[in-house]
$ cat entry-v1.tsv   # TSV, N, CA, C and O atoms
chain	number	residue	atom	x	y	z
A	815	MET	N	-28.94	9.88	17.56
A	815	MET	CA	-30.09	9.09	17.96
A	815	MET	C	-31.35	9.79	17.47
A	815	MET	O	-31.44	11.00	17.48
A	816	LYS	N	-32.32	9.02	17.09
A	816	LYS	CA	-33.55	9.59	16.59
A	816	LYS	C	-34.73	9.08	17.40
A	816	LYS	O	-34.72	7.97	17.88
A	817	ASN	N	-35.71	9.92	17.56
A	817	ASN	CA	-36.96	9.42	18.12
A	817	ASN	C	-37.95	9.27	16.98
A	817	ASN	O	-37.62	9.48	15.83
A	818	SER	N	-39.15	8.91	17.28
A	818	SER	CA	-40.11	8.58	16.24
A	818	SER	C	-40.76	9.80	15.59
A	818	SER	O	-41.46	9.65	14.61
A	819	ILE	N	-40.52	10.98	16.09
A	819	ILE	CA	-41.17	12.17	15.55
A	819	ILE	C	-40.17	12.98	14.74
A	819	ILE	O	-39.29	13.64	15.29
A	820	ASN	N	-40.28	12.91	13.42
A	820	ASN	CA	-39.47	13.69	12.50
A	820	ASN	C	-37.96	13.48	12.65
A	820	ASN	O	-37.19	14.32	12.23
A	821	GLY	N	-37.52	12.41	13.28
A	821	GLY	CA	-36.10	12.12	13.40
A	821	GLY	C	-35.33	13.06	14.31
A	821	GLY	O	-34.12	13.16	14.21
A	822	LEU	N	-35.99	13.77	15.18
A	822	LEU	CA	-35.34	14.73	16.06
A	822	LEU	C	-35.05	14.12	17.42
A	822	LEU	O	-35.76	13.23	17.88
A	823	LEU	N	-34.02	14.60	18.05
A	823	LEU	CA	-33.69	14.16	19.40
A	823	LEU	C	-34.76	14.61	20.39
A	823	LEU	O	-35.18	13.87	21.25
A	824	ILE	N	-35.19	15.85	20.26
A	824	ILE	CA	-36.27	16.39	21.08
A	824	ILE	C	-37.26	17.05	20.11
A	824	ILE	O	-36.86	17.77	19.21
A	825	SER	N	-38.52	16.80	20.33
A	825	SER	CA	-39.56	17.37	19.47
A	825	SER	C	-40.43	18.32	20.29
A	825	SER	O	-40.69	18.07	21.46
A	826	LYS	N	-40.90	19.34	19.64
A	826	LYS	CA	-41.81	20.27	20.32
A	826	LYS	C	-43.14	19.61	20.66
A	826	LYS	O	-43.86	20.07	21.52
A	827	ASP	N	-43.45	18.51	19.98
A	827	ASP	CA	-44.70	17.80	20.22
A	827	ASP	C	-44.59	16.72	21.30
A	827	ASP	O	-45.59	16.15	21.70
A	828	GLU	N	-43.38	16.47	21.75
A	828	GLU	CA	-43.13	15.43	22.76
A	828	GLU	C	-42.98	16.07	24.14
A	828	GLU	O	-42.40	17.15	24.26
A	829	GLU	N	-43.49	15.39	25.12
A	829	GLU	CA	-43.29	15.88	26.48
A	829	GLU	C	-41.82	15.73	26.85
A	829	GLU	O	-41.22	14.67	26.67
A	830	ILE	N	-41.22	16.79	27.33
A	830	ILE	CA	-39.78	16.81	27.61
A	830	ILE	C	-39.38	15.72	28.62
A	830	ILE	O	-38.31	15.14	28.51
A	831	LYS	N	-40.26	15.43	29.56
A	831	LYS	CA	-39.91	14.45	30.60
A	831	LYS	C	-39.89	13.02	30.10
A	831	LYS	O	-39.51	12.13	30.85
A	832	THR	N	-40.25	12.79	28.84
A	832	THR	CA	-40.14	11.44	28.27
A	832	THR	C	-39.01	11.37	27.25
A	832	THR	O	-38.77	10.31	26.68
A	833	SER	N	-38.32	12.47	27.02
A	833	SER	CA	-37.24	12.49	26.02
A	833	SER	C	-36.00	11.79	26.53
A	833	SER	O	-35.74	11.71	27.74
A	834	ALA	N	-35.21	11.28	25.59
A	834	ALA	CA	-33.96	10.60	25.94
A	834	ALA	C	-33.00	11.54	26.66
A	834	ALA	O	-32.27	11.13	27.56
A	835	VAL	N	-33.02	12.80	26.28
A	835	VAL	CA	-32.13	13.79	26.90
A	835	VAL	C	-32.48	13.99	28.37
A	835	VAL	O	-31.60	13.97	29.25
A	836	TYR	N	-33.76	14.14	28.68
A	836	TYR	CA	-34.17	14.35	30.07
A	836	TYR	C	-33.94	13.10	30.90
A	836	TYR	O	-33.42	13.18	32.02
A	837	VAL	N	-34.30	11.94	30.37
A	837	VAL	CA	-34.09	10.69	31.12
A	837	VAL	C	-32.58	10.47	31.31
A	837	VAL	O	-32.14	10.03	32.37
A	838	GLY	N	-31.79	10.82	30.30
A	838	GLY	CA	-30.33	10.75	30.44
A	838	GLY	C	-29.83	11.66	31.55
A	838	GLY	O	-28.94	11.30	32.32
A	839	TYR	N	-30.42	12.84	31.65
A	839	TYR	CA	-30.08	13.76	32.75
A	839	TYR	C	-30.37	13.12	34.10
A	839	TYR	O	-29.56	13.21	35.03
A	840	LEU	N	-31.53	12.46	34.21
A	840	LEU	CA	-31.87	11.80	35.47
A	840	LEU	C	-30.86	10.69	35.81
A	840	LEU	O	-30.48	10.53	36.97
A	841	ILE	N	-30.42	9.98	34.80
A	841	ILE	CA	-29.42	8.92	35.02
A	841	ILE	C	-28.11	9.54	35.49
A	841	ILE	O	-27.49	9.06	36.45
A	842	LEU	N	-27.70	10.63	34.85
A	842	LEU	CA	-26.46	11.30	35.26
A	842	LEU	C	-26.57	11.86	36.67
A	842	LEU	O	-25.58	11.87	37.43
A	843	LYS	N	-27.74	12.35	37.01
A	843	LYS	CA	-27.97	12.87	38.38
A	843	LYS	C	-27.76	11.76	39.40
A	843	LYS	O	-27.14	11.98	40.45
A	844	GLU	N	-28.25	10.56	39.10
A	844	GLU	CA	-28.05	9.42	40.00
A	844	GLU	C	-26.58	9.00	40.03
A	844	GLU	O	-26.05	8.67	41.09
A	845	LEU	N	-25.93	9.01	38.87
A	845	LEU	CA	-24.50	8.66	38.81
A	845	LEU	C	-23.66	9.62	39.63
A	845	LEU	O	-22.66	9.22	40.24
A	846	LYS	N	-24.04	10.88	39.63
A	846	LYS	CA	-23.29	11.89	40.36
A	846	LYS	C	-23.30	11.62	41.87
A	846	LYS	O	-22.36	11.97	42.58
A	847	LYS	N	-24.34	10.98	42.34
A	847	LYS	CA	-24.45	10.65	43.77
A	847	LYS	C	-23.50	9.53	44.18
A	847	LYS	O	-23.19	9.38	45.36
A	848	LYS	N	-23.01	8.76	43.20
A	848	LYS	CA	-22.15	7.62	43.48
A	848	LYS	C	-20.69	8.06	43.45
A	848	LYS	O	-20.21	8.62	42.47
A	849	LYS	N	-19.98	7.79	44.51
A	849	LYS	CA	-18.59	8.22	44.61
A	849	LYS	C	-17.66	7.45	43.67
A	849	LYS	O	-16.66	7.97	43.21
A	850	ASP	N	-18.02	6.20	43.36
A	850	ASP	CA	-17.16	5.38	42.51
A	850	ASP	C	-17.47	5.52	41.02
A	850	ASP	O	-16.84	4.90	40.18
A	851	GLY	N	-18.44	6.37	40.67
A	851	GLY	CA	-18.74	6.63	39.27
A	851	GLY	C	-19.45	5.51	38.54
A	851	GLY	O	-19.42	5.47	37.31
A	852	LYS	N	-20.09	4.61	39.28
A	852	LYS	CA	-20.84	3.54	38.63
A	852	LYS	C	-22.15	3.32	39.36
A	852	LYS	O	-22.27	3.61	40.55
A	853	ILE	N	-23.14	2.82	38.61
A	853	ILE	CA	-24.45	2.55	39.18
A	853	ILE	C	-25.02	1.32	38.49
A	853	ILE	O	-24.79	1.13	37.29
A	854	SER	N	-25.73	0.51	39.22
A	854	SER	CA	-26.31	-0.68	38.61
A	854	SER	C	-27.56	-0.31	37.82
A	854	SER	O	-28.25	0.67	38.14
A	855	ILE	N	-27.85	-1.09	36.83
A	855	ILE	CA	-29.04	-0.86	36.01
A	855	ILE	C	-30.30	-0.95	36.87
A	855	ILE	O	-31.28	-0.27	36.61
A	856	TYR	N	-30.25	-1.76	37.90
A	856	TYR	CA	-31.39	-1.91	38.81
A	856	TYR	C	-31.62	-0.64	39.62
A	856	TYR	O	-32.76	-0.22	39.83
A	857	ASP	N	-30.54	-0.03	40.08
A	857	ASP	CA	-30.65	1.24	40.80
A	857	ASP	C	-31.17	2.36	39.90
A	857	ASP	O	-31.94	3.22	40.32
A	858	ILE	N	-30.74	2.34	38.64
A	858	ILE	CA	-31.24	3.32	37.67
A	858	ILE	C	-32.74	3.14	37.49
A	858	ILE	O	-33.50	4.11	37.52
A	859	GLY	N	-33.16	1.90	37.31
A	859	GLY	CA	-34.58	1.62	37.14
A	859	GLY	C	-35.41	2.09	38.32
A	859	GLY	O	-36.48	2.68	38.14
A	860	ALA	N	-34.92	1.86	39.52
A	860	ALA	CA	-35.64	2.28	40.73
A	860	ALA	C	-35.72	3.81	40.81
A	860	ALA	O	-36.77	4.37	41.15
A	861	ALA	N	-34.62	4.49	40.48
A	861	ALA	CA	-34.61	5.96	40.52
A	861	ALA	C	-35.55	6.54	39.48
A	861	ALA	O	-36.27	7.50	39.75
A	862	LEU	N	-35.57	5.95	38.29
A	862	LEU	CA	-36.45	6.45	37.24
A	862	LEU	C	-37.91	6.19	37.58
A	862	LEU	O	-38.78	7.01	37.26
A	863	LYS	N	-38.17	5.08	38.23
A	863	LYS	CA	-39.55	4.77	38.63
A	863	LYS	C	-40.07	5.84	39.60
A	863	LYS	O	-41.22	6.26	39.51
A	864	LYS	N	-39.21	6.30	40.50
A	864	LYS	CA	-39.59	7.36	41.44
A	864	LYS	C	-39.93	8.66	40.71
A	864	LYS	O	-40.70	9.47	41.19
A	865	GLU	N	-39.32	8.85	39.53
A	865	GLU	CA	-39.56	10.06	38.73
A	865	GLU	C	-40.71	9.88	37.75
A	865	GLU	O	-40.99	10.77	36.95
A	866	GLY	N	-41.36	8.70	37.78
A	866	GLY	CA	-42.49	8.46	36.90
A	866	GLY	C	-42.12	7.89	35.55
A	866	GLY	O	-42.96	7.81	34.66
A	867	ILE	N	-40.85	7.53	35.37
A	867	ILE	CA	-40.40	6.92	34.12
A	867	ILE	C	-40.55	5.42	34.28
A	867	ILE	O	-39.79	4.79	35.01
A	868	ILE	N	-41.55	4.85	33.62
A	868	ILE	CA	-41.84	3.44	33.85
A	868	ILE	C	-41.63	2.56	32.63
A	868	ILE	O	-41.66	1.35	32.74
A	869	HIS	N	-41.41	3.16	31.47
A	869	HIS	CA	-41.23	2.38	30.26
A	869	HIS	C	-39.76	2.07	30.02
A	869	HIS	O	-38.92	2.97	30.06
A	870	GLY	N	-39.46	0.82	29.78
A	870	GLY	CA	-38.09	0.40	29.54
A	870	GLY	C	-37.48	1.05	28.32
A	870	GLY	O	-36.27	1.28	28.27
A	871	SER	N	-38.31	1.37	27.33
A	871	SER	CA	-37.78	2.00	26.12
A	871	SER	C	-37.18	3.37	26.42
A	871	SER	O	-36.18	3.76	25.81
A	872	GLN	N	-37.76	4.09	27.38
A	872	GLN	CA	-37.20	5.39	27.76
A	872	GLN	C	-35.80	5.22	28.35
A	872	GLN	O	-34.91	6.01	28.06
A	873	LEU	N	-35.63	4.20	29.16
A	873	LEU	CA	-34.32	3.90	29.73
A	873	LEU	C	-33.33	3.53	28.64
A	873	LEU	O	-32.21	4.03	28.61
A	874	VAL	N	-33.75	2.67	27.73
A	874	VAL	CA	-32.86	2.22	26.65
A	874	VAL	C	-32.44	3.39	25.78
A	874	VAL	O	-31.24	3.55	25.47
A	875	PHE	N	-33.39	4.22	25.35
A	875	PHE	CA	-33.04	5.37	24.50
A	875	PHE	C	-32.12	6.35	25.23
A	875	PHE	O	-31.20	6.89	24.63
A	876	ALA	N	-32.35	6.56	26.51
A	876	ALA	CA	-31.49	7.46	27.28
A	876	ALA	C	-30.08	6.90	27.39
A	876	ALA	O	-29.10	7.64	27.23
A	877	LEU	N	-29.96	5.60	27.64
A	877	LEU	CA	-28.63	4.99	27.73
A	877	LEU	C	-27.92	5.01	26.38
A	877	LEU	O	-26.71	5.23	26.31
A	878	MET	N	-28.66	4.79	25.30
A	878	MET	CA	-28.06	4.88	23.96
A	878	MET	C	-27.56	6.29	23.69
A	878	MET	O	-26.48	6.49	23.14
A	879	PHE	N	-28.35	7.29	24.10
A	879	PHE	CA	-27.95	8.68	23.94
A	879	PHE	C	-26.65	8.96	24.71
A	879	PHE	O	-25.70	9.52	24.17
A	880	LEU	N	-26.61	8.56	25.98
A	880	LEU	CA	-25.43	8.81	26.80
A	880	LEU	C	-24.21	8.06	26.29
A	880	LEU	O	-23.10	8.58	26.29
A	881	TYR	N	-24.41	6.83	25.82
A	881	TYR	CA	-23.31	6.03	25.28
A	881	TYR	C	-22.79	6.64	23.98
A	881	TYR	O	-21.58	6.76	23.78
A	882	SER	N	-23.70	7.03	23.09
A	882	SER	CA	-23.29	7.56	21.79
A	882	SER	C	-22.58	8.90	21.91
A	882	SER	O	-21.81	9.27	21.03
A	883	THR	N	-22.82	9.63	22.99
A	883	THR	CA	-22.13	10.90	23.20
A	883	THR	C	-20.86	10.74	24.03
A	883	THR	O	-20.19	11.72	24.32
A	884	GLY	N	-20.53	9.51	24.39
A	884	GLY	CA	-19.28	9.24	25.11
A	884	GLY	C	-19.30	9.59	26.58
A	884	GLY	O	-18.25	9.76	27.19
A	885	ILE	N	-20.47	9.68	27.16
A	885	ILE	CA	-20.57	10.05	28.57
A	885	ILE	C	-20.54	8.83	29.48
A	885	ILE	O	-19.99	8.89	30.58
A	886	VAL	N	-21.12	7.72	29.04
A	886	VAL	CA	-21.16	6.50	29.85
A	886	VAL	C	-20.69	5.30	29.04
A	886	VAL	O	-20.64	5.34	27.82
A	887	ASP	N	-20.35	4.25	29.77
A	887	ASP	CA	-20.04	2.95	29.18
A	887	ASP	C	-20.71	1.89	30.05
A	887	ASP	O	-21.17	2.20	31.15
A	888	PHE	N	-20.74	0.66	29.57
A	888	PHE	CA	-21.44	-0.41	30.27
A	888	PHE	C	-20.52	-1.58	30.54
A	888	PHE	O	-19.65	-1.89	29.75
A	889	LYS	N	-20.74	-2.22	31.66
A	889	LYS	CA	-20.17	-3.52	31.98
A	889	LYS	C	-21.15	-4.14	32.96
A	889	LYS	O	-21.28	-3.67	34.09
A	890	GLU	N	-21.87	-5.16	32.50
A	890	GLU	CA	-22.97	-5.74	33.26
A	890	GLU	C	-22.65	-5.87	34.73
A	890	GLU	O	-21.57	-6.32	35.06
A	891	PRO	N	-23.53	-5.55	35.59
A	891	PRO	CA	-24.81	-4.84	35.44
A	891	PRO	C	-24.66	-3.35	35.69
A	891	PRO	O	-25.61	-2.68	36.06
A	892	TYR	N	-23.46	-2.81	35.47
A	892	TYR	CA	-23.19	-1.42	35.83
A	892	TYR	C	-23.11	-0.49	34.62
A	892	TYR	O	-22.71	-0.89	33.53
A	893	VAL	N	-23.43	0.75	34.89
A	893	VAL	CA	-23.23	1.85	33.96
A	893	VAL	C	-22.16	2.73	34.59
A	893	VAL	O	-22.26	3.08	35.77
A	894	TYR	N	-21.10	3.04	33.83
A	894	TYR	CA	-19.98	3.83	34.31
A	894	TYR	C	-19.97	5.20	33.67
A	894	TYR	O	-20.20	5.32	32.47
A	895	LYS	N	-19.65	6.21	34.43
A	895	LYS	CA	-19.48	7.56	33.90
A	895	LYS	C	-18.08	7.68	33.33
A	895	LYS	O	-17.10	7.38	34.02
A	896	LEU	N	-17.94	8.11	32.09
A	896	LEU	CA	-16.64	8.27	31.46
A	896	LEU	C	-16.14	9.71	31.54
A	896	LEU	O	-14.98	9.96	31.76
A	897	SER	N	-17.05	10.65	31.34
A	897	SER	CA	-16.68	12.06	31.28
A	897	SER	C	-16.67	12.68	32.66
A	897	SER	O	-17.62	12.54	33.41
A	898	LYS	N	-15.62	13.38	32.98
A	898	LYS	CA	-15.56	14.06	34.28
A	898	LYS	C	-16.45	15.29	34.31
A	898	LYS	O	-16.77	15.80	35.35
A	899	ASN	N	-16.85	15.78	33.14
A	899	ASN	CA	-17.68	16.98	33.05
A	899	ASN	C	-19.16	16.69	33.20
A	899	ASN	O	-19.95	17.60	33.30
A	900	ALA	N	-19.55	15.44	33.18
A	900	ALA	CA	-20.98	15.09	33.25
A	900	ALA	C	-21.47	15.04	34.67
A	900	ALA	O	-20.77	14.84	35.59

$ encode --input "entry-v1.tsv" --output "structure tokens"
Amino acid sequence: MKNSINGLLISKDEEIKTSAVYVGYLILKELKKKKDGKISIYDIGAALKKEGIIHGSQLVFALMFLYSTGIVDFKEPYVYKLSKNA
């Protein structure tokens, strides 16, 4: 996955709290709280809003990052954790 700055996943010029990796971490933190290993996209949005993540693009990039690394999968309206190590 690439961001808009030099094609890097994380850039030294970008605030870490807006990176796909950090937002992905926040999503995984919320998933970890769920015993069944799934969370609705609406619950993710609410949790991210509490953390100050308000742009939908940040959510999309984070989910693409997690999906491309094989950590999560989707089935509307849920996001499922695939990896037991996450």

$ atom_distance --input "entry-v1.tsv" --atom1 "CA of Gly884 (chain A)" --atom2 "CA of Gly866 (chain A)"
26.0 Å

$ select_by_dssp --input "entry-v1.tsv" --residues "region 846-885 of chain A" --states "alpha helix (DSSP H)" --output "NGL selection string"
:A and (846-847 or 855-864 or 870-882)

$ closest_residue --input "entry-v1.tsv" --among "A:Lys826, A:Lys849, A:Lys895, A:Ala834" --to "Met878 (chain A)" --atoms "all atoms listed in the file"
A:Ala834

$ atom_distance --input "entry-v1.tsv" --atom1 "atom C of Ala876 (chain A)" --atom2 "CA of Ile841 (chain A)"
7.9 Å

$ closest_residue --input "entry-v1.tsv" --among "A:Lys852, A:Lys831, A:Lys864, A:Lys846" --to "Phe888 (chain A)" --atoms "only C-alpha atoms"
A:Lys852

$ closest_residue --input "entry-v1.tsv" --among "A:Asp887, A:Tyr894, A:Ile830, A:Gly870" --to "Asp850 (chain A)" --atoms "only C-alpha atoms"
A:Tyr894

$ atom_distance --input "entry-v1.tsv" --atom1 "atom N of Leu845 (chain A)" --atom2 "atom C of Gln872 (chain A)"
14.9 Å

$ residues_around --input "entry-v1.tsv" --residues "Phe879 (chain A)" --least-positions-apart "5" --cutoff "8 Å" --atoms "all atoms listed in the file" --output "MDAnalysis selection string"
chainID A and resid 815 834:835 838 872:874 884:886

$ write_last_selection --input "entry-v1.tsv" --atoms "N, CA, C and O atoms" --output "CSV table (one decimal), keeping the file's coordinate frame"
chain,number,residue,atom,x,y,z
A,815,MET,N,-28.9,9.9,17.6
A,815,MET,CA,-30.1,9.1,18.0
A,815,MET,C,-31.4,9.8,17.5
A,815,MET,O,-31.4,11.0,17.5
A,834,ALA,N,-35.2,11.3,25.6
A,834,ALA,CA,-34.0,10.6,25.9
A,834,ALA,C,-33.0,11.5,26.7
A,834,ALA,O,-32.3,11.1,27.6
A,835,VAL,N,-33.0,12.8,26.3
A,835,VAL,CA,-32.1,13.8,26.9
A,835,VAL,C,-32.5,14.0,28.4
A,835,VAL,O,-31.6,14.0,29.2
A,838,GLY,N,-31.8,10.8,30.3
A,838,GLY,CA,-30.3,10.8,30.4
A,838,GLY,C,-29.8,11.7,31.6
A,838,GLY,O,-28.9,11.3,32.3
A,872,GLN,N,-37.8,4.1,27.4
A,872,GLN,CA,-37.2,5.4,27.8
A,872,GLN,C,-35.8,5.2,28.4
A,872,GLN,O,-34.9,6.0,28.1
A,873,LEU,N,-35.6,4.2,29.2
A,873,LEU,CA,-34.3,3.9,29.7
A,873,LEU,C,-33.3,3.5,28.6
A,873,LEU,O,-32.2,4.0,28.6
A,874,VAL,N,-33.8,2.7,27.7
A,874,VAL,CA,-32.9,2.2,26.6
A,874,VAL,C,-32.4,3.4,25.8
A,874,VAL,O,-31.2,3.6,25.5
A,884,GLY,N,-20.5,9.5,24.4
A,884,GLY,CA,-19.3,9.2,25.1
A,884,GLY,C,-19.3,9.6,26.6
A,884,GLY,O,-18.2,9.8,27.2
A,885,ILE,N,-20.5,9.7,27.2
A,885,ILE,CA,-20.6,10.0,28.6
A,885,ILE,C,-20.5,8.8,29.5
A,885,ILE,O,-20.0,8.9,30.6
A,886,VAL,N,-21.1,7.7,29.0
A,886,VAL,CA,-21.2,6.5,29.8
A,886,VAL,C,-20.7,5.3,29.0
A,886,VAL,O,-20.6,5.3,27.8

$ select_by_dssp --input "entry-v1.tsv" --residues "chain A" --states "strand (DSSP E)" --output "mmCIF file with N, CA, C and O atoms, in the frame of the given file"
data_model
loop_
_atom_site.group_PDB
_atom_site.id
_atom_site.type_symbol
_atom_site.label_atom_id
_atom_site.label_comp_id
_atom_site.auth_asym_id
_atom_site.auth_seq_id
_atom_site.Cartn_x
_atom_site.Cartn_y
_atom_site.Cartn_z
ATOM 1 N N LYS A 852 -20.090 4.610 39.280
ATOM 2 C CA LYS A 852 -20.840 3.540 38.630
ATOM 3 C C LYS A 852 -22.150 3.320 39.360
ATOM 4 O O LYS A 852 -22.270 3.610 40.550
ATOM 5 N N ILE A 853 -23.140 2.820 38.610
ATOM 6 C CA ILE A 853 -24.450 2.550 39.180
ATOM 7 C C ILE A 853 -25.020 1.320 38.490
ATOM 8 O O ILE A 853 -24.790 1.130 37.290
ATOM 9 N N SER A 854 -25.730 0.510 39.220
ATOM 10 C CA SER A 854 -26.310 -0.680 38.610
ATOM 11 C C SER A 854 -27.560 -0.310 37.820
ATOM 12 O O SER A 854 -28.250 0.670 38.140
ATOM 13 N N VAL A 886 -21.120 7.720 29.040
ATOM 14 C CA VAL A 886 -21.160 6.500 29.850
ATOM 15 C C VAL A 886 -20.690 5.300 29.040
ATOM 16 O O VAL A 886 -20.640 5.340 27.820
ATOM 17 N N ASP A 887 -20.350 4.250 29.770
ATOM 18 C CA ASP A 887 -20.040 2.950 29.180
ATOM 19 C C ASP A 887 -20.710 1.890 30.050
ATOM 20 O O ASP A 887 -21.170 2.200 31.150
ATOM 21 N N PHE A 888 -20.740 0.660 29.570
ATOM 22 C CA PHE A 888 -21.440 -0.410 30.270
ATOM 23 C C PHE A 888 -20.520 -1.580 30.540
ATOM 24 O O PHE A 888 -19.650 -1.890 29.750
ATOM 25 N N LYS A 889 -20.740 -2.220 31.660
ATOM 26 C CA LYS A 889 -20.170 -3.520 31.980
ATOM 27 C C LYS A 889 -21.150 -4.140 32.960
ATOM 28 O O LYS A 889 -21.280 -3.670 34.090
ATOM 29 N N TYR A 892 -23.460 -2.810 35.470
ATOM 30 C CA TYR A 892 -23.190 -1.420 35.830
ATOM 31 C C TYR A 892 -23.110 -0.490 34.620
ATOM 32 O O TYR A 892 -22.710 -0.890 33.530
ATOM 33 N N VAL A 893 -23.430 0.750 34.890
ATOM 34 C CA VAL A 893 -23.230 1.850 33.960
ATOM 35 C C VAL A 893 -22.160 2.730 34.590
ATOM 36 O O VAL A 893 -22.260 3.080 35.770
ATOM 37 N N TYR A 894 -21.100 3.040 33.830
ATOM 38 C CA TYR A 894 -19.980 3.830 34.310
ATOM 39 C C TYR A 894 -19.970 5.200 33.670
ATOM 40 O O TYR A 894 -20.200 5.320 32.470
ATOM 41 N N LYS A 895 -19.650 6.210 34.430
ATOM 42 C CA LYS A 895 -19.480 7.560 33.900
ATOM 43 C C LYS A 895 -18.080 7.680 33.330
ATOM 44 O O LYS A 895 -17.100 7.380 34.020
#

$ residues_around --input "entry-v1.tsv" --residues "Ile855 (chain A)" --least-positions-apart "2" --cutoff "5 Å" --atoms "only N, CA, C and O atoms" --output "PyMOL selection string"
chain A and resi 853+857-859+891-892

$ closest_residue --input "entry-v1.tsv" --among "A:Ala861, A:Ser882, A:Ser854, A:Ser871" --to "Leu840 (chain A)" --atoms "all atoms listed in the file"
A:Ala861
